[in-house]
Number of protein chains: 2
Amino acid sequence: MVTPIDPTSTAFLLAENRSMPMHVGGLQLYRKPEGAGRSYVREMYESMRDTEEINPLFLRTPHRSLRTAGQLVWKPDDQFDPEHHVRHSALPKPGRVRELLELCGRLHGTRLAPERPLWEAHVIEGLRDGRVATYTKLHHALVDGISAMRLLASVHSTDPDKRGTPAPWGARPRSRKSSEEADSGTPLTEVPISALRTALGLTAEAAGLPSALVKTLSKGLRNETAAVSLHAPRTIFNQSITGSRRFAAQDWPIERLRTVGKATGTTLNDVVLAMCAGALRTYLLELDALPETPLVAMVPVGLNAKQSQIANADGGNAVGAVMAQLATHLHDPADRLTSIHRSMRDGKQALSSMTPVQIVAMSALGQAPAILTPMLRMQGIVRPPYNVIISNVPGPRTTQYWNGAELVGTYPLSIPIKGMALNITCTSYDGKLGFGLTGCRRTVPRLQRLLTHLDDEVAALEKAAGV
Amino acid sequence: MVTPIDPTSTAFLLAENRSMPMHVGGLQLYRKPEGAGRSYVREMYESMRDTEEINPLFLRTPHRSLRTAGQLVWKPDDQFDPEHHVRHSALPKPGRVRELLELCGRLHGTRLAPERPLWEAHVIEGLRDGRVATYTKLHHALVDGISAMRLLASVHSTDPDKRGTPAPWGARPRSRKSSEEADSGTPLTEVPISALRTALGLTAEAAGLPSALVKTLSKGLRNETAAVSLHAPRTIFNQSITGSRRFAAQDWPIERLRTVGKATGTTLNDVVLAMCAGALRTYLLELDALPETPLVAMVPVGLNAKQSQIANADGGNAVGAVMAQLATHLHDPADRLTSIHRSMRDGKQALSSMTPVQIVAMSALGQAPAILTPMLRMQGIVRPPYNVIISNVPGPRTTQYWNGAELVGTYPLSIPIKGMALNITCTSYDGKLGFGLTGCRRTVPRLQRLLTHLDDEVAALEKAAGV
């Protein structure tokens, strides 16, 4: 059965090119269950590959022909080849996290086959500590980043003894759905295509997506508040990019960051931004590439039902965007944190004073920078509206299992785009905040160093806060 | 320094698209030297990655700009990133040849990054028998298939105690070149860009490559000899292809094949073709897809200095092409071999009666089917001129070593193209004939089965020949 592709997904398919693949990814780390045999990983791979009933979302492929009047439509792949989509990979010795990140960077840097359903999953063995990793790649036209993380999480259970759970691409009959699953995430078929997409659809229906959106957007952006400032300096991140990727990931205990926040009267999200700000400052200083004026981060924020009060990053879908000044011109970590806190507060206030239509437009930046940046350029807005995207996607708070394997870490891989070569996405899980840094391999050299800088910055913030 | 790209290489760059990457590959298997430590493979990888002086060929990248008046030129990569090009990979357990071929198929199915030098090399560990593999990928614009195999072989030595040999992409100062190296293959800088390319250049200089070539070619092809027959049936191989690949490889003792040839009065190359013919027949029968009329293979053949007498596939550059009827309509292996022998003999005779210009044109089919097939189509030649390409590239006859590691097998990966989804290339080494079968993953299902069929066919031919 052929179904139409919604305008946003179509835009993601059309915006894609060799240097800008439009897929998101997820890296999951598991600890094998007790008593796992030597062939555990192979069995895990085979059970995933042999998933009997596939969710229709994972069977559809974009198709365009004379018959569809040149429009892109979804069509089921009538030659579905499980071995193409589900792959077994291994790390070379010594099997450190370094080798894993290298492999993920490589896998994230190749494009999905256009004639097939737009996803790939790798079961990865060879970590020297005996853990198993999975790397999953999903096209943004299939599912947006937040829904992708939810989807990957949706197969997990809080019950270590639960068995018989299919892979994320397995179709789960409603009758078999347990209450745990409903708790830990919404099955994909029920994930709303996000408040944003629906809202965009409504706007776009009448006047066509691009023009209506850009009109509202530039109006909102030219509103001279700090939150919507377009005065971001040029940095090495804001250049053309290539198709190859580097990926870095690490997690930190949320409690450490929260303690800094409590001692300084700032939010967890402020502390995350301060970590990134300090790390980016050190990184750019080392490359002798720190601009004089502070970097600006685009920070998607959650909105509650009233679309006004934004509590913190832990609530709701990210459907608003705040432009945060990262205070990278300041030397002192405490000063940077204070300045970021103020910038975020102003931004959220500005957001709360905006009309719902303006908020939707702002939020589009978070969902679709790749599409909007060229549009802004056409509108004569040529300087980068921001330097880097830093987002924080909430995840499950308790320990999760997949068929007895304990999920011990989860890290998002995102989409660098032309003019925005680095993306930082965090996701919380079980008391830890996992950072996933995805960059263009050529434009963002020595990306791994940012991990060290982030770690140093946590210590510096703790010292500054006196905790 | 910017240098112009010759017309043939330009054509390869322009003909490339997502479903038709234009790179050739080589899979090499090595046995570790005695006393190799646990970290032997890592050290091998690191020494290759850290190659100090790179051959300029491996530093150049295609570039086009206003300054070059829109023409493609070679430009050195001023941000050469060794870790991007030289990669360390591993096989999942159990580390059989099956896992190796699966990985090679995957690696061969991704495109080279266009903004970098057009090559990649993987050092692969994890084979359960302790051997080490390398998979090397080179763009056809950089070097043609035969030169690629020669280049990979050029670093080998017959001396197991020789050390200090750089990777194939290392620049070897002339002073250090030993006589062994000169014997086992010509260093790339001295490989003539093949008789063909030069000849093509001469033809193309006056009138432009495409029109002159096609004119000569169609004239040659319409010459109604068996050797240039265009009456190939339609098969599943002659369809559109996708970008994903499958690869199968295996070798057989040359002595076995030669014995069959001697007993039947046929050449080694005839026996190879008969193996392929029988295997393709069985494969297509299983899929219920064997056409009634016999398949036609395009077989590049070597020409000696006189460009007339073609002894066998072991001599000279492949600069002629014979269209061989594979007799797949015949049930009996002996009958097929006899028929193929006759077809090849007629083809070589026809070739010897052709003018040098016609031979050059014919030979272009072997070098550049991807470029020529669309041109033939434009000339109204819409049926496939042949069904499959079967070529045989001679390699070293004695045991070779790279820094003490014994080369135990070498297999070529070639380029499936639109309308020609399967390519069979053989290469001889140390008494064995290695077959490399490269196919479009979607168009040529269950490609691995051809290995079994090839093996069965050797036995069948031996039985038929009474040896």
# chains A, B, ... in the order shown; residues from 1 in each chain; ligands from 1
call {"tool": "closest_atom_pairs", "arguments": {"of": "chain A", "to": "chain B", "cutoff": "6 Å", "atoms": "only C-alpha atoms", "output": "tab-separated table"}}
result
residue	atom	partner	partner_atom	distance
A:Ser89	CA	B:Pro92	CA	5.6
A:Ala90	CA	B:Pro92	CA	4.8
A:Leu91	CA	B:Ala90	CA	5.4
A:Pro92	CA	B:Ala90	CA	4.8
call {"tool": "select_by_dssp", "arguments": {"residues": "range 21-124 of chain A", "states": "alpha helix (DSSP H)", "output": "PDB file with all heavy atoms, in the first residue's frame"}}
result
ATOM      1  N   TYR A  40      26.489 -15.795  23.068  1.00  0.00           N
ATOM      2  CA  TYR A  40      25.376 -14.906  23.421  1.00  0.00           C
ATOM      3  C   TYR A  40      25.146 -13.822  22.376  1.00  0.00           C
ATOM      4  O   TYR A  40      24.023 -13.578  21.953  1.00  0.00           O
ATOM      5  CB  TYR A  40      25.625 -14.262  24.794  1.00  0.00           C
ATOM      6  CG  TYR A  40      24.525 -13.300  25.180  1.00  0.00           C
ATOM      7  CD1 TYR A  40      23.337 -13.764  25.722  1.00  0.00           C
ATOM      8  CD2 TYR A  40      24.666 -11.929  24.967  1.00  0.00           C
ATOM      9  CE1 TYR A  40      22.308 -12.898  26.044  1.00  0.00           C
ATOM     10  CE2 TYR A  40      23.644 -11.054  25.285  1.00  0.00           C
ATOM     11  CZ  TYR A  40      22.465 -11.541  25.827  1.00  0.00           C
ATOM     12  OH  TYR A  40      21.457 -10.676  26.129  1.00  0.00           O
ATOM     13  N   VAL A  41      26.228 -13.147  21.947  1.00  0.00           N
ATOM     14  CA  VAL A  41      26.057 -12.017  21.029  1.00  0.00           C
ATOM     15  C   VAL A  41      25.519 -12.493  19.678  1.00  0.00           C
ATOM     16  O   VAL A  41      24.642 -11.865  19.090  1.00  0.00           O
ATOM     17  CB  VAL A  41      27.370 -11.239  20.836  1.00  0.00           C
ATOM     18  CG1 VAL A  41      27.121  -9.998  19.999  1.00  0.00           C
ATOM     19  CG2 VAL A  41      27.952 -10.819  22.171  1.00  0.00           C
ATOM     20  N   ARG A  42      26.057 -13.643  19.229  1.00  0.00           N
ATOM     21  CA  ARG A  42      25.548 -14.174  17.956  1.00  0.00           C
ATOM     22  C   ARG A  42      24.071 -14.511  18.051  1.00  0.00           C
ATOM     23  O   ARG A  42      23.290 -14.213  17.150  1.00  0.00           O
ATOM     24  CB  ARG A  42      26.360 -15.401  17.525  1.00  0.00           C
ATOM     25  CG  ARG A  42      25.765 -16.166  16.344  1.00  0.00           C
ATOM     26  CD  ARG A  42      26.790 -16.957  15.584  1.00  0.00           C
ATOM     27  NE  ARG A  42      27.706 -16.089  14.898  1.00  0.00           N
ATOM     28  CZ  ARG A  42      27.480 -15.581  13.672  1.00  0.00           C
ATOM     29  NH1 ARG A  42      26.381 -15.868  13.015  1.00  0.00           N
ATOM     30  NH2 ARG A  42      28.359 -14.783  13.117  1.00  0.00           N
ATOM     31  N   GLU A  43      23.685 -15.097  19.183  1.00  0.00           N
ATOM     32  CA  GLU A  43      22.263 -15.430  19.357  1.00  0.00           C
ATOM     33  C   GLU A  43      21.413 -14.157  19.409  1.00  0.00           C
ATOM     34  O   GLU A  43      20.320 -14.109  18.848  1.00  0.00           O
ATOM     35  CB  GLU A  43      22.078 -16.248  20.635  1.00  0.00           C
ATOM     36  CG  GLU A  43      22.527 -17.704  20.473  1.00  0.00           C
ATOM     37  CD  GLU A  43      22.862 -18.391  21.790  1.00  0.00           C
ATOM     38  OE1 GLU A  43      22.434 -17.882  22.860  1.00  0.00           O
ATOM     39  OE2 GLU A  43      23.565 -19.407  21.758  1.00  0.00           O
ATOM     40  N   MET A  44      21.954 -13.130  20.075  1.00  0.00           N
ATOM     41  CA  MET A  44      21.239 -11.845  20.157  1.00  0.00           C
ATOM     42  C   MET A  44      21.059 -11.294  18.745  1.00  0.00           C
ATOM     43  O   MET A  44      19.967 -10.880  18.352  1.00  0.00           O
ATOM     44  CB  MET A  44      22.062 -10.885  21.013  1.00  0.00           C
ATOM     45  CG  MET A  44      21.433  -9.526  21.226  1.00  0.00           C
ATOM     46  SD  MET A  44      22.488  -8.582  22.414  1.00  0.00           S
ATOM     47  CE  MET A  44      21.698  -6.970  22.316  1.00  0.00           C
ATOM     48  N   TYR A  45      22.169 -11.328  17.970  1.00  0.00           N
ATOM     49  CA  TYR A  45      22.099 -10.845  16.598  1.00  0.00           C
ATOM     50  C   TYR A  45      21.085 -11.644  15.788  1.00  0.00           C
ATOM     51  O   TYR A  45      20.234 -11.080  15.096  1.00  0.00           O
ATOM     52  CB  TYR A  45      23.484 -10.929  15.939  1.00  0.00           C
ATOM     53  CG  TYR A  45      23.425 -10.991  14.438  1.00  0.00           C
ATOM     54  CD1 TYR A  45      23.005  -9.881  13.701  1.00  0.00           C
ATOM     55  CD2 TYR A  45      23.756 -12.159  13.746  1.00  0.00           C
ATOM     56  CE1 TYR A  45      22.915  -9.937  12.319  1.00  0.00           C
ATOM     57  CE2 TYR A  45      23.668 -12.223  12.374  1.00  0.00           C
ATOM     58  CZ  TYR A  45      23.247 -11.114  11.657  1.00  0.00           C
ATOM     59  OH  TYR A  45      23.142 -11.171  10.302  1.00  0.00           O
ATOM     60  N   GLU A  46      21.156 -12.966  15.904  1.00  0.00           N
ATOM     61  CA  GLU A  46      20.268 -13.808  15.091  1.00  0.00           C
ATOM     62  C   GLU A  46      18.807 -13.607  15.461  1.00  0.00           C
ATOM     63  O   GLU A  46      17.938 -13.569  14.590  1.00  0.00           O
ATOM     64  CB  GLU A  46      20.675 -15.284  15.205  1.00  0.00           C
ATOM     65  CG  GLU A  46      21.950 -15.564  14.406  1.00  0.00           C
ATOM     66  CD  GLU A  46      22.524 -16.958  14.611  1.00  0.00           C
ATOM     67  OE1 GLU A  46      21.984 -17.708  15.461  1.00  0.00           O
ATOM     68  OE2 GLU A  46      23.523 -17.284  13.936  1.00  0.00           O
ATOM     69  N   SER A  47      18.552 -13.442  16.777  1.00  0.00           N
ATOM     70  CA  SER A  47      17.154 -13.259  17.169  1.00  0.00           C
ATOM     71  C   SER A  47      16.641 -11.917  16.642  1.00  0.00           C
ATOM     72  O   SER A  47      15.485 -11.782  16.259  1.00  0.00           O
ATOM     73  CB  SER A  47      16.990 -13.353  18.681  1.00  0.00           C
ATOM     74  OG  SER A  47      17.333 -12.133  19.300  1.00  0.00           O
ATOM     75  N   MET A  48      17.524 -10.909  16.604  1.00  0.00           N
ATOM     76  CA  MET A  48      17.106  -9.609  16.068  1.00  0.00           C
ATOM     77  C   MET A  48      16.892  -9.696  14.563  1.00  0.00           C
ATOM     78  O   MET A  48      15.923  -9.170  14.020  1.00  0.00           O
ATOM     79  CB  MET A  48      18.157  -8.552  16.383  1.00  0.00           C
ATOM     80  CG  MET A  48      18.159  -8.144  17.849  1.00  0.00           C
ATOM     81  SD  MET A  48      19.322  -6.776  18.147  1.00  0.00           S
ATOM     82  CE  MET A  48      18.491  -5.933  19.502  1.00  0.00           C
ATOM     83  N   ARG A  49      17.821 -10.384  13.889  1.00  0.00           N
ATOM     84  CA  ARG A  49      17.732 -10.511  12.423  1.00  0.00           C
ATOM     85  C   ARG A  49      16.477 -11.283  12.030  1.00  0.00           C
ATOM     86  O   ARG A  49      15.824 -10.974  11.039  1.00  0.00           O
ATOM     87  CB  ARG A  49      18.970 -11.256  11.922  1.00  0.00           C
ATOM     88  CG  ARG A  49      19.029 -11.440  10.421  1.00  0.00           C
ATOM     89  CD  ARG A  49      20.047 -12.506  10.051  1.00  0.00           C
ATOM     90  NE  ARG A  49      19.704 -13.807  10.629  1.00  0.00           N
ATOM     91  CZ  ARG A  49      20.532 -14.849  10.690  1.00  0.00           C
ATOM     92  NH1 ARG A  49      21.763 -14.750  10.235  1.00  0.00           N
ATOM     93  NH2 ARG A  49      20.137 -16.001  11.223  1.00  0.00           N
ATOM     94  N   PRO A  82      16.383  -8.924   5.554  1.00  0.00           N
ATOM     95  CA  PRO A  82      16.759  -8.674   6.957  1.00  0.00           C
ATOM     96  C   PRO A  82      18.269  -8.548   7.157  1.00  0.00           C
ATOM     97  O   PRO A  82      18.718  -7.731   7.954  1.00  0.00           O
ATOM     98  CB  PRO A  82      16.231  -9.901   7.697  1.00  0.00           C
ATOM     99  CG  PRO A  82      15.309 -10.598   6.776  1.00  0.00           C
ATOM    100  CD  PRO A  82      15.619 -10.169   5.382  1.00  0.00           C
ATOM    101  N   GLU A  83      19.062  -9.346   6.406  1.00  0.00           N
ATOM    102  CA  GLU A  83      20.510  -9.306   6.593  1.00  0.00           C
ATOM    103  C   GLU A  83      21.123  -7.998   6.128  1.00  0.00           C
ATOM    104  O   GLU A  83      22.236  -7.663   6.520  1.00  0.00           O
ATOM    105  CB  GLU A  83      21.176 -10.474   5.849  1.00  0.00           C
ATOM    106  CG  GLU A  83      20.894 -11.783   6.523  1.00  0.00           C
ATOM    107  CD  GLU A  83      21.758 -12.914   5.994  1.00  0.00           C
ATOM    108  OE1 GLU A  83      22.519 -12.684   5.040  1.00  0.00           O
ATOM    109  OE2 GLU A  83      21.655 -14.015   6.542  1.00  0.00           O
ATOM    110  N   HIS A  84      20.407  -7.276   5.276  1.00  0.00           N
ATOM    111  CA  HIS A  84      20.913  -5.959   4.904  1.00  0.00           C
ATOM    112  C   HIS A  84      20.733  -4.976   6.059  1.00  0.00           C
ATOM    113  O   HIS A  84      21.574  -4.109   6.284  1.00  0.00           O
ATOM    114  CB  HIS A  84      20.184  -5.420   3.668  1.00  0.00           C
ATOM    115  CG  HIS A  84      20.557  -4.014   3.346  1.00  0.00           C
ATOM    116  ND1 HIS A  84      21.639  -3.681   2.569  1.00  0.00           N
ATOM    117  CD2 HIS A  84      20.037  -2.813   3.747  1.00  0.00           C
ATOM    118  CE1 HIS A  84      21.749  -2.369   2.486  1.00  0.00           C
ATOM    119  NE2 HIS A  84      20.792  -1.825   3.193  1.00  0.00           N
ATOM    120  N   HIS A  85      19.646  -5.125   6.787  1.00  0.00           N
ATOM    121  CA  HIS A  85      19.310  -4.137   7.814  1.00  0.00           C
ATOM    122  C   HIS A  85      19.906  -4.464   9.175  1.00  0.00           C
ATOM    123  O   HIS A  85      20.289  -3.566   9.908  1.00  0.00           O
ATOM    124  CB  HIS A  85      17.786  -3.999   7.917  1.00  0.00           C
ATOM    125  CG  HIS A  85      17.162  -3.473   6.666  1.00  0.00           C
ATOM    126  ND1 HIS A  85      17.142  -2.139   6.358  1.00  0.00           N
ATOM    127  CD2 HIS A  85      16.591  -4.104   5.616  1.00  0.00           C
ATOM    128  CE1 HIS A  85      16.566  -1.972   5.179  1.00  0.00           C
ATOM    129  NE2 HIS A  85      16.223  -3.145   4.705  1.00  0.00           N
ATOM    130  N   VAL A  97      36.444   1.460  24.539  1.00  0.00           N
ATOM    131  CA  VAL A  97      35.373   2.356  24.095  1.00  0.00           C
ATOM    132  C   VAL A  97      35.851   3.158  22.898  1.00  0.00           C
ATOM    133  O   VAL A  97      35.078   3.466  21.990  1.00  0.00           O
ATOM    134  CB  VAL A  97      34.933   3.272  25.258  1.00  0.00           C
ATOM    135  CG1 VAL A  97      34.055   4.406  24.764  1.00  0.00           C
ATOM    136  CG2 VAL A  97      34.185   2.452  26.307  1.00  0.00           C
ATOM    137  N   ARG A  98      37.144   3.443  22.862  1.00  0.00           N
ATOM    138  CA  ARG A  98      37.715   4.173  21.738  1.00  0.00           C
ATOM    139  C   ARG A  98      37.452   3.474  20.400  1.00  0.00           C
ATOM    140  O   ARG A  98      37.072   4.106  19.416  1.00  0.00           O
ATOM    141  CB  ARG A  98      39.224   4.279  21.982  1.00  0.00           C
ATOM    142  CG  ARG A  98      39.936   5.048  20.938  1.00  0.00           C
ATOM    143  CD  ARG A  98      41.407   5.141  21.272  1.00  0.00           C
ATOM    144  NE  ARG A  98      42.112   5.531  20.073  1.00  0.00           N
ATOM    145  CZ  ARG A  98      43.348   5.974  20.050  1.00  0.00           C
ATOM    146  NH1 ARG A  98      44.014   6.075  21.173  1.00  0.00           N
ATOM    147  NH2 ARG A  98      43.912   6.316  18.930  1.00  0.00           N
ATOM    148  N   GLU A  99      37.653   2.157  20.366  1.00  0.00           N
ATOM    149  CA  GLU A  99      37.396   1.404  19.141  1.00  0.00           C
ATOM    150  C   GLU A  99      35.895   1.430  18.798  1.00  0.00           C
ATOM    151  O   GLU A  99      35.513   1.482  17.627  1.00  0.00           O
ATOM    152  CB  GLU A  99      37.874  -0.043  19.269  1.00  0.00           C
ATOM    153  CG  GLU A  99      39.364  -0.260  19.001  1.00  0.00           C
ATOM    154  CD  GLU A  99      40.281   0.181  20.128  1.00  0.00           C
ATOM    155  OE1 GLU A  99      39.884   0.028  21.306  1.00  0.00           O
ATOM    156  OE2 GLU A  99      41.385   0.694  19.866  1.00  0.00           O
ATOM    157  N   LEU A 100      35.073   1.393  19.854  1.00  0.00           N
ATOM    158  CA  LEU A 100      33.624   1.420  19.636  1.00  0.00           C
ATOM    159  C   LEU A 100      33.189   2.738  19.028  1.00  0.00           C
ATOM    160  O   LEU A 100      32.400   2.791  18.077  1.00  0.00           O
ATOM    161  CB  LEU A 100      32.900   1.180  20.971  1.00  0.00           C
ATOM    162  CG  LEU A 100      31.378   1.242  20.923  1.00  0.00           C
ATOM    163  CD1 LEU A 100      30.798   0.137  20.044  1.00  0.00           C
ATOM    164  CD2 LEU A 100      30.776   1.146  22.329  1.00  0.00           C
ATOM    165  N   LEU A 101      33.718   3.845  19.562  1.00  0.00           N
ATOM    166  CA  LEU A 101      33.338   5.170  19.054  1.00  0.00           C
ATOM    167  C   LEU A 101      33.830   5.353  17.620  1.00  0.00           C
ATOM    168  O   LEU A 101      33.137   5.944  16.790  1.00  0.00           O
ATOM    169  CB  LEU A 101      33.897   6.269  19.965  1.00  0.00           C
ATOM    170  CG  LEU A 101      33.348   6.269  21.397  1.00  0.00           C
ATOM    171  CD1 LEU A 101      34.003   7.378  22.217  1.00  0.00           C
ATOM    172  CD2 LEU A 101      31.836   6.428  21.416  1.00  0.00           C
ATOM    173  N   GLU A 102      35.008   4.827  17.343  1.00  0.00           N
ATOM    174  CA  GLU A 102      35.552   4.894  15.982  1.00  0.00           C
ATOM    175  C   GLU A 102      34.607   4.180  15.010  1.00  0.00           C
ATOM    176  O   GLU A 102      34.266   4.714  13.950  1.00  0.00           O
ATOM    177  CB  GLU A 102      36.950   4.259  15.969  1.00  0.00           C
ATOM    178  CG  GLU A 102      37.628   4.173  14.615  1.00  0.00           C
ATOM    179  CD  GLU A 102      38.016   5.528  14.046  1.00  0.00           C
ATOM    180  OE1 GLU A 102      38.297   6.444  14.834  1.00  0.00           O
ATOM    181  OE2 GLU A 102      38.013   5.654  12.801  1.00  0.00           O
ATOM    182  N   LEU A 103      34.175   2.973  15.398  1.00  0.00           N
ATOM    183  CA  LEU A 103      33.269   2.222  14.527  1.00  0.00           C
ATOM    184  C   LEU A 103      31.943   2.960  14.353  1.00  0.00           C
ATOM    185  O   LEU A 103      31.426   3.076  13.237  1.00  0.00           O
ATOM    186  CB  LEU A 103      33.022   0.809  15.078  1.00  0.00           C
ATOM    187  CG  LEU A 103      32.061  -0.057  14.260  1.00  0.00           C
ATOM    188  CD1 LEU A 103      32.605  -0.334  12.858  1.00  0.00           C
ATOM    189  CD2 LEU A 103      31.761  -1.383  14.964  1.00  0.00           C
ATOM    190  N   CYS A 104      31.404   3.505  15.458  1.00  0.00           N
ATOM    191  CA  CYS A 104      30.130   4.227  15.366  1.00  0.00           C
ATOM    192  C   CYS A 104      30.265   5.432  14.445  1.00  0.00           C
ATOM    193  O   CYS A 104      29.357   5.726  13.661  1.00  0.00           O
ATOM    194  CB  CYS A 104      29.648   4.673  16.744  1.00  0.00           C
ATOM    195  SG  CYS A 104      29.046   3.318  17.750  1.00  0.00           S
ATOM    196  N   GLY A 105      31.383   6.135  14.538  1.00  0.00           N
ATOM    197  CA  GLY A 105      31.616   7.277  13.656  1.00  0.00           C
ATOM    198  C   GLY A 105      31.595   6.854  12.194  1.00  0.00           C
ATOM    199  O   GLY A 105      30.978   7.500  11.351  1.00  0.00           O
ATOM    200  N   ARG A 106      32.264   5.722  11.909  1.00  0.00           N
ATOM    201  CA  ARG A 106      32.289   5.203  10.534  1.00  0.00           C
ATOM    202  C   ARG A 106      30.899   4.830  10.053  1.00  0.00           C
ATOM    203  O   ARG A 106      30.506   5.160   8.945  1.00  0.00           O
ATOM    204  CB  ARG A 106      33.112   3.903  10.499  1.00  0.00           C
ATOM    205  CG  ARG A 106      34.551   4.094  10.204  1.00  0.00           C
ATOM    206  CD  ARG A 106      35.179   2.707  10.056  1.00  0.00           C
ATOM    207  NE  ARG A 106      36.480   2.679  10.650  1.00  0.00           N
ATOM    208  CZ  ARG A 106      37.141   1.571  10.950  1.00  0.00           C
ATOM    209  NH1 ARG A 106      36.600   0.386  10.700  1.00  0.00           N
ATOM    210  NH2 ARG A 106      38.326   1.635  11.479  1.00  0.00           N
ATOM    211  N   LEU A 107      30.174   4.083  10.908  1.00  0.00           N
ATOM    212  CA  LEU A 107      28.847   3.618  10.515  1.00  0.00           C
ATOM    213  C   LEU A 107      27.894   4.798  10.326  1.00  0.00           C
ATOM    214  O   LEU A 107      27.062   4.808   9.431  1.00  0.00           O
ATOM    215  CB  LEU A 107      28.282   2.643  11.551  1.00  0.00           C
ATOM    216  CG  LEU A 107      29.074   1.346  11.748  1.00  0.00           C
ATOM    217  CD1 LEU A 107      28.462   0.505  12.862  1.00  0.00           C
ATOM    218  CD2 LEU A 107      29.135   0.536  10.458  1.00  0.00           C
ATOM    219  N   HIS A 108      28.066   5.822  11.182  1.00  0.00           N
ATOM    220  CA  HIS A 108      27.185   6.988  11.098  1.00  0.00           C
ATOM    221  C   HIS A 108      27.497   7.835   9.856  1.00  0.00           C
ATOM    222  O   HIS A 108      26.688   8.648   9.446  1.00  0.00           O
ATOM    223  CB  HIS A 108      27.328   7.829  12.366  1.00  0.00           C
ATOM    224  CG  HIS A 108      26.123   8.677  12.660  1.00  0.00           C
ATOM    225  ND1 HIS A 108      24.883   8.139  12.911  1.00  0.00           N
ATOM    226  CD2 HIS A 108      25.962  10.026  12.717  1.00  0.00           C
ATOM    227  CE1 HIS A 108      24.019   9.117  13.122  1.00  0.00           C
ATOM    228  NE2 HIS A 108      24.640  10.277  13.008  1.00  0.00           N
TER     229      HIS A 108
END
call {"tool": "atom_distance", "arguments": {"atom1": "CA of Val388 in chain B", "atom2": "CA of Ala232 in chain B"}}
result
9.8 Å
call {"tool": "residues_around", "arguments": {"residues": "range 424-435 of chain A", "least_positions_apart": "2", "cutoff": "9 Å", "atoms": "only C-alpha atoms", "output": "JSON, numbers by chain"}}
result
{"A": [149, 248, 249, 250, 251, 252, 253, 254, 255, 272, 276, 314, 388, 389, 390, 391, 392, 393, 394, 395, 396, 397, 398, 399, 400, 408, 409, 410, 411, 412, 413, 414, 422, 437, 438, 439, 451]}
call {"tool": "residues_around", "arguments": {"residues": "range 62-66 of chain B", "least_positions_apart": "4", "cutoff": "8 Å", "atoms": "only C-alpha atoms", "output": "NGL selection string"}}
result
:B and (70-75 or 114-117)
call {"tool": "closest_residue", "arguments": {"among": "A:Ser240, A:Asn403, A:Thr68, A:Thr264", "to": "Ala167 in chain A", "atoms": "only C-alpha atoms"}}
result
A:Asn403
call {"tool": "residues_around", "arguments": {"residues": "Ala148 in chain A", "least_positions_apart": "2", "cutoff": "10 Å", "atoms": "only C-alpha atoms", "output": "list of chain:residue names"}}
result
A:Val24, A:Gly25, A:Gly26, A:Thr136, A:Lys137, A:Leu138, A:His139, A:His140, A:Leu142, A:Val143, A:Asp144, A:Gly145, A:Ile146, A:Arg150, A:Leu151, A:Leu152, A:Ala153, A:Ser154, A:Pro168, A:Leu188, A:Val191, A:Pro412
call {"tool": "write_last_selection", "arguments": {"atoms": "C-alpha atoms", "output": "PDB file, in the first residue's frame"}}
result
ATOM      1  CA  VAL A  24      19.944   9.936  13.562  1.00  0.00           C
ATOM      2  CA  GLY A  25      21.510   7.108  15.532  1.00  0.00           C
ATOM      3  CA  GLY A  26      21.557   5.517  18.927  1.00  0.00           C
ATOM      4  CA  THR A 136      20.964   1.802  15.282  1.00  0.00           C
ATOM      5  CA  LYS A 137      20.552   4.243  12.417  1.00  0.00           C
ATOM      6  CA  LEU A 138      17.190   5.711  11.437  1.00  0.00           C
ATOM      7  CA  HIS A 139      16.440   8.247   8.747  1.00  0.00           C
ATOM      8  CA  HIS A 140      14.961  11.502  10.009  1.00  0.00           C
ATOM      9  CA  LEU A 142      11.153   7.959   9.183  1.00  0.00           C
ATOM     10  CA  VAL A 143      11.204   9.296  12.711  1.00  0.00           C
ATOM     11  CA  ASP A 144      12.555  12.423  14.425  1.00  0.00           C
ATOM     12  CA  GLY A 145      15.417  12.250  16.925  1.00  0.00           C
ATOM     13  CA  ILE A 146      13.356  12.265  20.088  1.00  0.00           C
ATOM     14  CA  ARG A 150      11.903   6.683  22.548  1.00  0.00           C
ATOM     15  CA  LEU A 151      11.487   3.966  20.013  1.00  0.00           C
ATOM     16  CA  LEU A 152      14.803   2.355  20.919  1.00  0.00           C
ATOM     17  CA  ALA A 153      13.844   2.623  24.577  1.00  0.00           C
ATOM     18  CA  SER A 154      10.355   1.242  24.032  1.00  0.00           C
ATOM     19  CA  PRO A 168      12.682  -2.246  18.200  1.00  0.00           C
ATOM     20  CA  LEU A 188       6.254   3.841  17.903  1.00  0.00           C
ATOM     21  CA  VAL A 191       4.214   8.158  19.224  1.00  0.00           C
ATOM     22  CA  PRO A 412      22.442   9.701  20.809  1.00  0.00           C
TER      23      PRO A 412
END
